[in-house]
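> Here you go, query_6.txt (compact mmCIF, C-alpha atoms):
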# COMPACT_ATOMS: atom_id res chain seq x y z
CA MET S 1 6.09 -3.79 -51.99
CA ILE S 2 3.97 -2.59 -49.07
CA GLU S 3 1.12 -0.45 -50.41
CA LEU S 4 1.07 3.09 -49.08
CA ASN S 5 -1.77 5.55 -48.70
CA THR S 6 -0.66 8.11 -51.29
CA VAL S 7 -1.74 11.58 -50.15
CA MET S 8 -2.44 14.47 -52.54
CA LEU S 9 -0.91 17.78 -51.39
CA ARG S 10 -0.94 21.28 -52.90
CA ALA S 11 2.27 23.00 -53.96
CA ASP S 12 0.75 26.44 -53.27
CA ASN S 13 -0.04 25.55 -49.64
CA GLU S 14 2.72 26.23 -47.08
CA GLN S 15 1.54 23.52 -44.69
CA ASP S 16 1.47 20.98 -47.51
CA LEU S 17 4.96 22.02 -48.60
CA SER S 18 6.22 21.57 -45.06
CA ARG S 19 4.55 18.17 -44.85
CA ALA S 20 6.17 17.10 -48.14
CA ALA S 21 9.56 18.29 -46.85
CA GLU S 22 9.15 16.24 -43.67
CA LEU S 23 8.34 13.17 -45.76
CA ILE S 24 11.48 13.72 -47.84
CA LYS S 25 13.60 14.16 -44.71
CA SER S 26 12.17 10.94 -43.24
CA GLY S 27 13.21 8.93 -46.30
CA GLU S 28 9.85 8.76 -48.10
CA LEU S 29 9.05 9.38 -51.78
CA VAL S 30 7.05 12.40 -52.96
CA GLY S 31 5.86 13.21 -56.47
CA ILE S 32 7.04 16.77 -57.13
CA PRO S 33 6.20 19.31 -59.85
CA THR S 34 8.85 20.93 -62.00
CA GLU S 35 8.64 23.00 -65.17
CA THR S 36 9.80 19.96 -67.19
CA VAL S 37 7.90 16.90 -65.90
CA TYR S 38 6.82 15.63 -62.49
CA GLY S 39 9.64 14.00 -60.55
CA LEU S 40 9.71 11.12 -58.09
CA GLY S 41 11.52 12.90 -55.26
CA ALA S 42 13.64 11.50 -52.43
CA ASP S 43 16.58 12.61 -50.30
CA GLY S 44 19.38 12.22 -52.83
CA LEU S 45 22.00 11.62 -50.13
CA ASN S 46 19.99 8.89 -48.35
CA VAL S 47 20.91 5.50 -49.79
CA SER S 48 17.76 3.71 -48.64
CA ALA S 49 15.50 6.53 -49.84
CA VAL S 50 17.13 6.54 -53.29
CA ALA S 51 16.76 2.76 -53.45
CA LYS S 52 13.00 3.26 -53.01
CA ILE S 53 12.94 5.32 -56.22
CA PHE S 54 14.32 2.44 -58.28
CA LYS S 55 11.87 0.01 -56.67
CA ALA S 56 8.80 2.23 -57.11
CA LYS S 57 9.58 2.94 -60.77
CA GLY S 58 10.93 -0.47 -61.68
CA ARG S 59 13.98 1.47 -62.88
CA PRO S 60 17.26 -0.26 -63.82
CA SER S 61 19.96 0.46 -61.24
CA ASP S 62 22.48 1.50 -63.93
CA ASN S 63 20.32 4.48 -64.92
CA PRO S 64 21.67 7.51 -62.96
CA LEU S 65 19.47 10.06 -61.22
CA ILE S 66 19.42 13.86 -61.28
CA LEU S 67 19.96 15.79 -58.04
CA HIS S 68 17.82 18.93 -57.74
CA ILE S 69 19.16 21.91 -55.82
CA SER S 70 17.53 25.16 -54.76
CA GLU S 71 20.29 27.55 -55.87
CA PRO S 72 23.36 27.30 -58.12
CA SER S 73 25.90 27.74 -55.29
CA GLN S 74 24.88 24.32 -53.94
CA MET S 75 26.74 22.72 -56.84
CA GLU S 76 29.92 23.15 -54.81
CA GLN S 77 28.54 20.90 -52.05
CA LEU S 78 28.04 18.03 -54.48
CA CYS S 79 30.61 18.52 -57.25
CA HIS S 80 34.31 19.23 -57.61
CA ASP S 81 36.38 20.70 -60.44
CA ILE S 82 33.42 22.68 -61.74
CA PRO S 83 34.59 24.33 -64.98
CA GLU S 84 33.98 27.96 -65.76
CA LYS S 85 31.55 26.87 -68.47
CA GLY S 86 29.41 25.28 -65.75
CA TRP S 87 29.06 28.58 -63.94
CA LEU S 88 28.32 30.36 -67.22
CA LEU S 89 25.52 27.90 -67.99
CA ALA S 90 24.14 28.23 -64.47
CA LYS S 91 24.10 32.02 -64.74
CA LYS S 92 22.33 31.88 -68.10
CA PHE S 93 19.83 29.03 -67.63
CA TRP S 94 19.26 28.43 -63.90
CA PRO S 95 16.72 28.17 -62.47
CA GLY S 96 15.52 26.30 -65.55
CA PRO S 97 15.31 23.09 -67.59
CA LEU S 98 19.06 22.39 -67.83
CA THR S 99 20.98 19.56 -66.15
CA MET S 100 24.77 19.48 -65.96
CA VAL S 101 26.89 16.36 -65.46
CA LEU S 102 29.92 17.13 -63.28
CA PRO S 103 32.52 15.25 -61.18
CA ALA S 104 30.83 14.04 -57.97
CA LYS S 105 32.11 14.58 -54.45
CA PRO S 106 32.17 11.57 -52.07
CA ILE S 107 29.05 12.91 -50.31
CA VAL S 108 26.94 11.74 -53.26
CA PRO S 109 26.03 8.04 -52.87
CA LYS S 110 26.95 5.65 -55.66
CA VAL S 111 23.34 4.45 -55.83
CA THR S 112 22.38 7.98 -56.96
CA THR S 113 25.10 8.14 -59.65
CA ALA S 114 24.70 4.51 -60.80
CA ASN S 115 28.28 3.87 -59.61
CA LEU S 116 29.70 6.64 -61.80
CA ASP S 117 32.25 9.25 -60.75
CA THR S 118 29.93 11.99 -62.03
CA VAL S 119 26.58 13.36 -60.89
CA ALA S 120 23.77 15.13 -62.76
CA ILE S 121 22.68 18.43 -61.17
CA ARG S 122 19.74 20.75 -61.87
CA CYS S 123 18.19 23.85 -60.31
CA PRO S 124 14.50 23.74 -61.32
CA LYS S 125 12.51 26.80 -62.31
CA THR S 126 9.42 25.87 -60.30
CA GLU S 127 9.48 28.09 -57.20
CA SER S 128 7.53 25.69 -54.97
CA THR S 129 9.99 22.90 -55.74
CA ARG S 130 12.99 25.05 -54.87
CA LYS S 131 11.20 25.97 -51.63
CA LEU S 132 10.63 22.26 -50.95
CA ILE S 133 14.36 21.60 -51.39
CA GLU S 134 15.15 24.41 -48.95
CA LEU S 135 12.69 23.08 -46.37
CA ALA S 136 13.99 19.53 -46.71
CA GLY S 137 17.58 20.75 -46.40
CA VAL S 138 18.87 18.13 -48.85
CA PRO S 139 19.26 17.82 -52.62
CA ILE S 140 16.30 15.93 -54.01
CA ALA S 141 16.91 13.06 -56.42
CA ALA S 142 13.98 13.02 -58.82
CA PRO S 143 13.65 11.04 -62.04
CA SER S 144 10.36 11.39 -63.91
CA ALA S 145 7.48 10.08 -61.78
CA ASN S 146 6.27 7.45 -64.22
CA ALA S 147 6.63 3.69 -64.29
CA SER S 148 9.98 3.01 -65.95
CA GLY S 149 9.83 3.16 -69.74
CA LYS S 150 6.33 4.65 -69.88
CA PRO S 151 5.40 8.18 -71.04
CA SER S 152 6.53 10.77 -68.52
CA THR S 153 4.14 12.49 -66.13
CA THR S 154 3.14 16.11 -66.74
CA THR S 155 0.24 16.38 -64.27
CA ALA S 156 -0.34 15.20 -60.70
CA GLU S 157 -3.08 12.91 -62.04
CA HIS S 158 -0.53 11.16 -64.27
CA VAL S 159 1.66 10.55 -61.20
CA LEU S 160 -1.27 9.17 -59.22
CA HIS S 161 -2.12 6.79 -62.08
CA ASP S 162 1.40 5.30 -62.08
CA MET S 163 2.40 5.63 -58.43
CA ASP S 164 -0.75 5.35 -56.31
CA GLY S 165 0.09 3.12 -53.35
CA ARG S 166 3.81 3.18 -54.16
CA ILE S 167 4.74 6.61 -52.76
CA ALA S 168 3.82 8.63 -49.69
CA ALA S 169 2.48 11.79 -51.36
CA ILE S 170 2.11 13.84 -54.52
CA LEU S 171 2.59 17.60 -54.53
CA ASP S 172 0.17 19.03 -57.09
CA GLY S 173 1.59 22.06 -58.87
CA GLY S 174 -0.62 21.95 -61.95
CA ALA S 175 0.41 21.04 -65.50
CA CYS S 176 4.10 21.27 -66.36
CA GLU S 177 5.15 24.31 -68.38
CA VAL S 178 7.75 22.66 -70.66
CA GLY S 179 6.47 19.09 -70.75
CA LEU S 180 9.74 17.35 -71.67
CA GLU S 181 12.62 16.35 -69.39
CA SER S 182 15.53 18.74 -68.98
CA THR S 183 18.37 19.20 -71.43
CA ILE S 184 21.47 17.36 -70.18
CA VAL S 185 25.00 18.49 -71.01
CA ASP S 186 28.10 16.64 -69.81
CA LEU S 187 30.87 18.98 -68.64
CA SER S 188 33.07 16.31 -67.04
CA GLY S 189 35.29 15.76 -70.08
CA ASN S 190 37.44 17.84 -72.39
CA LYS S 191 34.50 19.06 -74.47
CA PRO S 192 30.83 19.71 -73.62
CA VAL S 193 28.59 16.86 -74.82
CA LEU S 194 24.81 16.97 -75.26
CA LEU S 195 23.44 13.80 -73.65
CA ARG S 196 19.73 14.64 -73.91
CA PRO S 197 17.94 17.51 -75.68
CA GLY S 198 15.19 19.38 -73.88
CA GLY S 199 13.79 22.85 -73.16
CA ILE S 200 17.23 24.46 -73.54
CA THR S 201 18.12 23.98 -77.19
CA PRO S 202 21.49 22.99 -78.72
CA GLU S 203 21.59 26.41 -80.35
CA GLU S 204 21.25 28.13 -76.98
CA LEU S 205 23.99 25.96 -75.49
CA LEU S 206 26.32 26.73 -78.37
CA ASP S 207 25.85 30.47 -77.82
CA VAL S 208 27.31 30.05 -74.32
CA LEU S 209 29.75 27.18 -74.80
CA GLY S 210 31.11 27.88 -78.26
CA GLU S 211 31.32 24.13 -78.94
CA LEU S 212 29.04 21.14 -78.35
CA GLU S 213 29.32 17.49 -79.29
CA ILE S 214 26.20 15.35 -79.67
CA ASP S 215 26.25 11.96 -77.95
CA LYS S 216 25.31 9.03 -80.20
CA ALA S 217 22.49 8.11 -77.79
CA VAL S 218 20.66 11.26 -78.90
CA LEU S 219 20.70 10.12 -82.51
CA GLY S 220 20.05 6.39 -82.22
CA GLN S 221 19.67 3.32 -80.04
CA ILE S 222 22.85 2.37 -78.16
CA ASP S 223 24.01 -1.03 -76.92
CA SER S 224 22.26 -2.48 -73.88
CA ASP S 225 25.60 -2.94 -72.09
CA ALA S 226 26.75 0.65 -72.66
CA VAL S 227 27.66 2.75 -69.62
CA VAL S 228 25.74 6.04 -69.65
CA ARG S 229 26.25 9.26 -67.69
CA ALA S 230 22.66 10.53 -67.65
CA PRO S 231 19.04 9.34 -67.56
CA GLY S 232 17.12 8.46 -70.71
CA MET S 233 20.09 7.42 -72.82
CA LYS S 234 20.17 3.62 -72.93
CA TYR S 235 16.73 2.08 -72.58
CA LYS S 236 13.54 2.43 -74.60
CA HIS S 237 11.69 5.29 -72.96
CA TYR S 238 8.50 7.32 -73.00
CA ALA S 239 6.55 4.51 -74.69
CA PRO S 240 2.93 3.36 -74.37
CA ASN S 241 2.18 -0.36 -74.64
CA ALA S 242 1.34 0.01 -78.32
CA GLU S 243 4.01 -0.08 -81.02
CA VAL S 244 4.85 3.47 -82.09
CA ILE S 245 5.77 3.99 -85.75
CA ILE S 246 6.96 7.40 -86.95
CA VAL S 247 5.74 8.22 -90.44
CA SER S 248 8.03 10.65 -92.26
CA GLY S 249 7.26 12.57 -95.45
CA ASN S 250 4.85 15.33 -96.37
CA ALA S 251 1.47 15.55 -94.73
CA ASN S 252 -0.59 14.16 -97.63
CA ASP S 253 1.73 11.20 -98.27
CA ALA S 254 1.76 10.37 -94.57
CA ALA S 255 -2.03 10.46 -94.34
CA SER S 256 -2.32 8.16 -97.37
CA TYR S 257 0.20 5.76 -95.83
CA VAL S 258 -1.74 5.58 -92.57
CA ARG S 259 -5.16 5.26 -94.22
CA ARG S 260 -3.99 2.17 -96.14
CA ARG S 261 -3.01 0.51 -92.86
CA TYR S 262 -5.63 1.82 -90.47
CA ASN S 263 -7.82 -0.61 -88.52
CA GLU S 264 -9.72 -0.65 -85.21
CA GLN S 265 -6.49 -1.37 -83.29
CA THR S 266 -4.70 1.64 -84.80
CA ALA S 267 -4.32 5.20 -83.53
CA VAL S 268 -2.98 8.38 -85.13
CA LEU S 269 -0.83 11.00 -83.41
CA CYS S 270 -0.44 14.14 -85.50
CA PHE S 271 -0.13 17.94 -85.55
CA ASP S 272 -3.10 20.32 -85.22
CA GLU S 273 -2.66 21.30 -88.87
CA GLU S 274 -3.10 17.70 -90.04
CA LEU S 275 -6.24 16.71 -88.14
CA SER S 276 -8.49 17.17 -91.18
CA LEU S 277 -6.36 14.72 -93.19
CA TYR S 278 -7.30 11.94 -90.77
CA GLU S 279 -11.02 12.68 -90.61
CA GLY S 280 -12.91 9.54 -89.61
CA LEU S 281 -9.84 7.97 -87.96
CA ASN S 282 -10.28 9.71 -84.59
CA PRO S 283 -6.80 11.30 -84.66
CA THR S 284 -5.10 12.74 -81.57
CA SER S 285 -3.17 16.01 -81.89
CA TYR S 286 -0.31 16.92 -79.58
CA GLY S 287 0.23 20.51 -80.70
CA SER S 288 1.01 22.74 -83.66
CA GLU S 289 3.81 21.95 -86.10
CA GLU S 290 4.47 25.70 -86.18
CA ASP S 291 4.87 25.89 -82.39
CA SER S 292 7.44 23.38 -81.14
CA MET S 293 6.86 24.33 -77.51
CA SER S 294 3.20 23.27 -77.84
CA LEU S 295 4.45 19.88 -79.06
CA CYS S 296 6.75 19.63 -76.02
CA ALA S 297 3.87 20.40 -73.69
CA GLY S 298 1.44 18.02 -75.38
CA LEU S 299 3.49 14.95 -76.33
CA PHE S 300 3.48 12.88 -73.16
CA SER S 301 -0.14 13.66 -72.31
CA ALA S 302 -1.16 12.55 -75.81
CA LEU S 303 0.87 9.33 -75.57
CA ARG S 304 -0.82 8.60 -72.24
CA THR S 305 -4.24 9.21 -73.80
CA LEU S 306 -3.40 6.60 -76.44
CA ASP S 307 -2.03 4.07 -73.94
CA LYS S 308 -5.07 1.77 -74.10
CA PRO S 309 -5.29 -2.04 -74.31
CA GLU S 310 -7.29 -1.88 -77.54
CA ILE S 311 -4.63 0.16 -79.35
CA HIS S 312 -1.81 -1.97 -80.77
CA THR S 313 -0.16 0.48 -83.20
CA ILE S 314 0.27 4.25 -83.10
CA TYR S 315 1.28 6.04 -86.31
CA ALA S 316 2.98 9.27 -85.27
CA ARG S 317 4.00 12.42 -87.05
CA CYS S 318 7.27 13.98 -85.92
CA PRO S 319 8.53 17.58 -86.34
CA SER S 320 11.66 18.46 -88.27
CA GLY S 321 14.18 21.22 -87.65
CA GLY S 322 16.13 22.45 -84.65
CA GLY S 323 15.26 24.23 -81.45
CA ALA S 324 12.61 22.57 -79.28
CA ALA S 325 11.58 20.36 -82.21
CA TYR S 326 14.91 18.56 -81.81
CA ALA S 327 13.92 17.50 -78.29
CA VAL S 328 10.43 16.39 -79.38
CA ARG S 329 11.98 14.30 -82.14
CA ASN S 330 14.35 12.68 -79.63
CA ARG S 331 11.48 11.66 -77.33
CA LEU S 332 9.32 10.29 -80.15
CA ASN S 333 12.27 8.39 -81.60
CA LYS S 334 12.88 6.84 -78.17
CA ALA S 335 9.19 5.97 -77.78
CA ALA S 336 9.26 4.32 -81.20
CA GLY S 337 12.55 2.52 -80.62
CA PHE S 338 13.75 4.52 -83.64
CA CYS S 339 11.18 2.79 -85.91
CA ILE S 340 10.71 5.30 -88.76
CA VAL S 341 9.03 4.61 -92.10
CA SER S 342 9.00 6.80 -95.21
CA ALA S 343 5.55 7.57 -96.58
CA LYS S 344 7.13 8.81 -99.82
CA GLU S 345 8.84 5.50 -100.54
CA ASP S 346 5.53 3.72 -100.05
CA THR S 347 3.92 5.88 -102.76
CA GLU S 348 6.66 5.39 -105.36
Turn the structure described in the file into structure tokens.

Amino acid sequence: MIELNTVMLRADNEQDLSRAAELIKSGELVGIPTETVYGLGADGLNVSAVAKIFKAKGRPSDNPLILHISEPSQMEQLCHDIPEKGWLLAKKFWPGPLTMVLPAKPIVPKVTTANLDTVAIRCPKTESTRKLIELAGVPIAAPSANASGKPSTTTAEHVLHDMDGRIAAILDGGACEVGLESTIVDLSGNKPVLLRPGGITPEELLDVLGELEIDKAVLGQIDSDAVVRAPGMKYKHYAPNAEVIIVSGNANDAASYVRRRYNEQTAVLCFDEELSLYEGLNPTSYGSEEDSMSLCAGLFSALRTLDKPEIHTIYARCPSGGGAAYAVRNRLNKAAGFCIVSAKEDTE
């Protein structure tokens, strides 16, 4: 890959936005801010530009991309047979952290959809990003702007760390509000199916849809040869180099479990409320157990902080319950390859 001079631009600067739009139109890659995570943006209808995304990330070609649009009506340019439930979801949650999988029109390249007959569509909440899409005049394909499989990027600095020299520019819009990738719901079949939890919770979707199936990829690891309709379903994702082990059980049992195994190559990822239990172990908190949105916002940044050569094992605490905690649990399970140990069983 030819190394580029990656330029830092500001999302709140009109000239910088225009420059980023020109780069997108010319087939270049730009790191873009959204309320979920930073995306690696390219013209989603330009085959060669989309191919650059896969090359820059080291992303498998059978992992489909999400097309970002500036307003809900643009769905009709890219999708056909949009069900009424799709318009209801758009009215309720767009602009926002929800992606819908719908039948794709021929205008959408197969490289963008990973050779599927469906396409994932989202209208982001971040105003500067919607403005960028308008200026570029094309839907922007944008997976998370991290090296494939690594923790996602929630600041422009994270993007620069992973993509410096690989992309033309990064549009700095500050830290991401949500901090986890969008919720993905598949509306291309007979029943709505949750493919990935995120900032829009299953409970919120049910209020609109009345029914919702949960794809098995949300709950566990699926086969490597499985065909998937959305990003983040098949491969191990969101992971630092260290092995991540989720420790279940009550706080005291978990702390005892970790202390018996702690060494200089070990790290601890826990809730604010549990920091005192790991005194002397230099624990890292990623938010409050009582505030699931703080866990969303802090998870990937914390995993990046712990992504160091000297750390070989990360013992992580994971929230229970529904709502946003469901999405946090999904990401941590993926980062751990669904490796979960019971602290209670170890004490019995």
> Choose the residue, out of S:Arg331, S:Arg10, S:Arg19, S:Arg259, that has the smallest atom-to-atom separation from S:Leu180; count all atoms listed in the file.
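Using all atoms listed in the file, S:Leu180 sits closest to S:Arg331.
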> Which neighbours of S:Tyr257 fall inside 9 Å, counting all atoms listed in the file, when residues of the same chain fewer than 2 positions from it are skipped, and could you give them as a compact mmCIF listing (two decimals) with C-alpha atoms, keeping the file's coordinate frame?

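Result went into out18.txt, see below:
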# COMPACT_ATOMS: atom_id res chain seq x y z
CA VAL S 247 5.74 8.22 -90.44
CA ASN S 252 -0.59 14.16 -97.63
CA ASP S 253 1.73 11.20 -98.27
CA ALA S 254 1.76 10.37 -94.57
CA ALA S 255 -2.03 10.46 -94.34
CA ARG S 259 -5.16 5.26 -94.22
CA ARG S 260 -3.99 2.17 -96.14
CA ARG S 261 -3.01 0.51 -92.86
CA TYR S 262 -5.63 1.82 -90.47
CA SER S 342 9.00 6.80 -95.21
CA ALA S 343 5.55 7.57 -96.58
CA LYS S 344 7.13 8.81 -99.82
CA ASP S 346 5.53 3.72 -100.05
CA THR S 347 3.92 5.88 -102.76
> Can you work out which one of S:Gly173, S:Gly220, S:Pro197, S:Gly137 has the shortest atom-to-atom distance to S:Glu22, counting all atoms listed in the file?
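Among the listed residues, S:Gly137 lies closest to S:Glu22.
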> Check the smallest atom-to-atom distance from each of S:Thr201, S:Asn63, S:Thr284, S:Thr36 to S:Thr154 using all atoms listed in the file, then report the winner.
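Closest residue, counting all atoms listed in the file: S:Thr36.
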> Taking all atoms listed in the file into account, which of S:Asp162, S:Glu35, S:Glu279, S:Glu76 comes nearest S:Val178?
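Closest residue, counting all atoms listed in the file: S:Glu35.
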> Which residue out of S:Ile214, S:Leu23, S:Ile170, S:Ala51 has the minimum interatomic distance to S:His158 when all atoms listed in the file are used?
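Nearest to S:His158: S:Ile170.
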> Can you list, as a PDB file with C-alpha atoms, in the frame of the given file, every protein, DNA or RNA residue that comes within 10 Å of S:His312 when you count all atoms listed in the file, leaving out same-chain residues fewer than 4 positions away?

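To be explicit, this is the file written out as result-v6.pdb:
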ATOM      1  CA  PRO S 240       2.930   3.360 -74.370  1.00  0.00           C
ATOM      2  CA  ASN S 241       2.180  -0.360 -74.640  1.00  0.00           C
ATOM      3  CA  ALA S 242       1.340   0.010 -78.320  1.00  0.00           C
ATOM      4  CA  GLU S 243       4.010  -0.080 -81.020  1.00  0.00           C
ATOM      5  CA  VAL S 244       4.850   3.470 -82.090  1.00  0.00           C
ATOM      6  CA  ASN S 263      -7.820  -0.610 -88.520  1.00  0.00           C
ATOM      7  CA  GLU S 264      -9.720  -0.650 -85.210  1.00  0.00           C
ATOM      8  CA  GLN S 265      -6.490  -1.370 -83.290  1.00  0.00           C
ATOM      9  CA  THR S 266      -4.700   1.640 -84.800  1.00  0.00           C
ATOM     10  CA  ALA S 267      -4.320   5.200 -83.530  1.00  0.00           C
ATOM     11  CA  LEU S 306      -3.400   6.600 -76.440  1.00  0.00           C
ATOM     12  CA  ASP S 307      -2.030   4.070 -73.940  1.00  0.00           C
ATOM     13  CA  LYS S 308      -5.070   1.770 -74.100  1.00  0.00           C
TER      14      LYS S 308
END
> Determine the nearest neighbour of S:Ala175 from the options S:Thr112, S:Ile53, S:Gly287, S:Pro33, counting all atoms listed in the file.
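Closest candidate: S:Pro33.
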> Hey, could you pull the box centre and edge lengths for stretch 193-208 of chain S, axis-aligned, 3 Å padding per side, all listed atoms, to one decimal in Å, as lines of an AutoDock Vina configuration file?

center_x = 21.2
center_y = 22.1
center_z = -76.8
size_x = 20.8
size_y = 22.7
size_z = 13.2
> Can you tell me which residues surround S:Ala142 at a distance of at most 8 Å, considering all atoms listed in the file, apart from same-chain residues fewer than 6 positions away, and format the answer as a PyMOL selection string?
chain S and resi 39-42+65-68
> Please measure the separation of atom CA of S:Glu84 and atom CA of S:Ser188, giving the value in Å to one decimal.
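Answer for the atom CA of S:Glu84 to atom CA of S:Ser188 separation: 11.8 Å.
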> Which polymer residues have any atom within 12 Å of an atom of S:Val7, counting all atoms listed in the file, with same-chain residues fewer than 2 positions away left out, as a count of residues only?
24
> Report as a VMD selection string all protein, DNA and RNA residues lying within 10 Å of S:Leu78, evaluated on only C-alpha atoms, omitting residues in the same chain fewer than 3 positions from it.
chain S and resid 45 67 69 73 to 75 102 to 108 118 to 121 139
> Keeping only C-alpha atoms, write the selected residues as a PDB file, keeping the file's coordinate frame.

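Output contents, as saved in out_8.pdb:
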ATOM      1  CA  LEU S  45      22.000  11.620 -50.130  1.00  0.00           C
ATOM      2  CA  LEU S  67      19.960  15.790 -58.040  1.00  0.00           C
ATOM      3  CA  ILE S  69      19.160  21.910 -55.820  1.00  0.00           C
ATOM      4  CA  SER S  73      25.900  27.740 -55.290  1.00  0.00           C
ATOM      5  CA  GLN S  74      24.880  24.320 -53.940  1.00  0.00           C
ATOM      6  CA  MET S  75      26.740  22.720 -56.840  1.00  0.00           C
ATOM      7  CA  LEU S 102      29.920  17.130 -63.280  1.00  0.00           C
ATOM      8  CA  PRO S 103      32.520  15.250 -61.180  1.00  0.00           C
ATOM      9  CA  ALA S 104      30.830  14.040 -57.970  1.00  0.00           C
ATOM     10  CA  LYS S 105      32.110  14.580 -54.450  1.00  0.00           C
ATOM     11  CA  PRO S 106      32.170  11.570 -52.070  1.00  0.00           C
ATOM     12  CA  ILE S 107      29.050  12.910 -50.310  1.00  0.00           C
ATOM     13  CA  VAL S 108      26.940  11.740 -53.260  1.00  0.00           C
ATOM     14  CA  THR S 118      29.930  11.990 -62.030  1.00  0.00           C
ATOM     15  CA  VAL S 119      26.580  13.360 -60.890  1.00  0.00           C
ATOM     16  CA  ALA S 120      23.770  15.130 -62.760  1.00  0.00           C
ATOM     17  CA  ILE S 121      22.680  18.430 -61.170  1.00  0.00           C
ATOM     18  CA  PRO S 139      19.260  17.820 -52.620  1.00  0.00           C
TER      19      PRO S 139
END
> Quote the spacing between atom CA of S:Leu88 and atom CA of S:Ser70 in Å to one decimal place.
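Separating atom CA of S:Leu88 from atom CA of S:Ser70 is a distance of 17.3 Å.
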> For a test of reading the model, state the distance in Å between atom CA of S:Tyr326 and atom CA of S:Ser292, rounded to one decimal.
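Separating atom CA of S:Tyr326 from atom CA of S:Ser292 is a distance of 8.9 Å.
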> May I have the residues at most 12 Å from (30.6, 27.0, -77.2) in the file's coordinates, counting all atoms listed in the file, as a PyMOL selection string?
chain S and resi 84-86+88-89+185+187+191-194+202-213
